[in-house]
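With mmCIF, C-alpha atoms and all ligand atoms inside, this is final_30.cif:
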```cif
data_coords
#
loop_
_atom_site.group_PDB
_atom_site.id
_atom_site.type_symbol
_atom_site.label_atom_id
_atom_site.label_comp_id
_atom_site.auth_asym_id
_atom_site.auth_seq_id
_atom_site.Cartn_x
_atom_site.Cartn_y
_atom_site.Cartn_z
ATOM 1 C CA MET X 47 103.417 73.237 106.771
ATOM 2 C CA LYS X 48 107.129 73.069 106.150
ATOM 3 C CA ASN X 49 109.939 75.425 106.850
ATOM 4 C CA ILE X 50 111.571 77.240 103.999
ATOM 5 C CA ASP X 51 114.612 79.409 103.794
ATOM 6 C CA ARG X 52 113.021 82.811 103.293
ATOM 7 C CA GLN X 53 112.829 86.005 105.202
ATOM 8 C CA CYS X 54 109.952 88.371 105.718
ATOM 9 C CA PRO X 55 110.582 91.696 103.983
ATOM 10 C CA GLU X 56 108.605 93.460 106.695
ATOM 11 C CA CYS X 57 110.216 92.253 109.902
ATOM 12 C CA GLY X 58 112.959 89.824 108.887
ATOM 13 C CA GLY X 59 111.159 86.863 110.431
ATOM 14 C CA GLN X 60 111.122 83.436 108.856
ATOM 15 C CA LEU X 61 108.528 82.669 106.219
ATOM 16 C CA VAL X 62 106.771 79.322 106.112
ATOM 17 C CA ILE X 63 104.538 77.819 103.447
ATOM 18 C CA ASP X 64 100.933 77.453 104.495
ATOM 19 C CA ALA X 65 97.697 76.604 102.742
ATOM 20 C CA TRP X 66 95.207 79.401 102.364
ATOM 21 C CA GLU X 67 91.623 78.321 101.836
ATOM 22 C CA THR X 68 88.820 80.468 100.562
ATOM 23 C CA VAL X 69 85.147 79.510 100.460
ATOM 24 C CA ASN X 70 83.278 80.837 97.446
ATOM 25 C CA THR X 71 79.508 80.767 97.171
ATOM 26 C CA ASN X 72 78.047 80.029 93.770
ATOM 27 C CA ASP X 73 74.951 81.704 92.359
ATOM 28 C CA ASP X 74 72.901 78.523 92.862
ATOM 29 C CA GLY X 75 73.607 78.467 96.596
ATOM 30 C CA THR X 76 76.270 75.811 96.558
ATOM 31 C CA PHE X 77 79.791 76.629 97.505
ATOM 32 C CA HIS X 78 83.256 75.401 96.809
ATOM 33 C CA MET X 79 86.651 75.760 98.386
ATOM 34 C CA GLU X 80 89.675 77.145 96.695
ATOM 35 C CA SER X 81 93.058 76.565 98.236
ATOM 36 C CA SER X 82 96.384 78.032 97.343
ATOM 37 C CA LEU X 83 99.809 78.080 98.922
ATOM 38 C CA VAL X 84 101.111 81.198 100.566
ATOM 39 C CA TYR X 85 104.262 82.278 102.321
ATOM 40 C CA LYS X 86 103.353 83.389 105.807
ATOM 41 C CA CYS X 87 105.539 85.151 108.334
ATOM 42 C CA ILE X 88 105.965 83.303 111.628
ATOM 43 C CA GLN X 89 106.125 86.640 113.396
ATOM 44 C CA ARG X 90 102.840 88.404 113.746
ATOM 45 C CA CYS X 91 103.408 91.247 111.337
ATOM 46 C CA GLY X 92 100.713 89.870 109.048
ATOM 47 C CA TYR X 93 102.915 89.463 105.997
ATOM 48 C CA MET X 94 101.596 86.940 103.508
ATOM 49 C CA LYS X 95 102.461 86.330 99.886
ATOM 50 C CA GLU X 96 101.077 83.923 97.359
ATOM 51 C CA VAL X 97 103.517 81.257 96.216
ATOM 52 C CA GLU X 98 104.369 81.701 92.576
ATOM 53 C CA ASP X 99 105.018 78.744 90.361
ATOM 54 C CA ASP X 100 107.968 80.308 88.615
ATOM 55 C CA ASP X 101 109.752 80.906 91.900
ATOM 56 C CA SER X 102 113.478 80.483 91.397
HETATM 57 ZN ZN ZN X 201 107.137 89.490 109.234
#
```

As a first step, turn the structure in this file into structure tokens.
Amino acid sequence: MKNIDRQCPECGGQLVIDAWETVNTNDDGTFHMESSLVYKCIQRCGYMKEVEDDDS
């Protein structure tokens, strides 16, 4: 996790980049993890936004 210079649109708190992991179960009973990067508010307002590649 690293600090970035962004503000939460909900509460004005700082946003940090965090990894969000999801476990998906396949039809054959196996499962795999998918991870993506999200912006997450350090305050507890619950704001979270997926990091977009074309962020500029
Ligand atoms: Zn917030």

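A distance cut-off of 9 Å from ligand ZN 201 (chain X), applied to all atoms listed in the file, picks out the residues X:Gln53, X:Cys54, X:Pro55, X:Glu56, X:Cys57, X:Gly58, X:Gly59, X:Gln60, X:Leu61, X:Lys86, X:Cys87, X:Ile88, X:Gln89, X:Arg90, X:Cys91, X:Gly92, X:Tyr93, X:Met94.
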
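On the file presented, the PyMOL selection byres (((chain X and resi 79-85) around 7) and not hetatm) picks out Leu61, Val62, Ile63, Asp64, Ala65, Trp66, Glu67, Thr68, Val69, Asn70, Phe77, His78, Lys86, Cys87, Met94, Lys95, Glu96 and Val97 of chain X.
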
Take every atom of region 65-81 of chain X listed in the file, pad by 8 Å on each side, and give me the axis-aligned box centre and edge lengths in Å, one decimal, as lines of an AutoDock Vina configuration file.
```
center_x = 85.3
center_y = 78.6
center_z = 97.6
size_x = 40.8
size_y = 22.3
size_z = 26.4
```
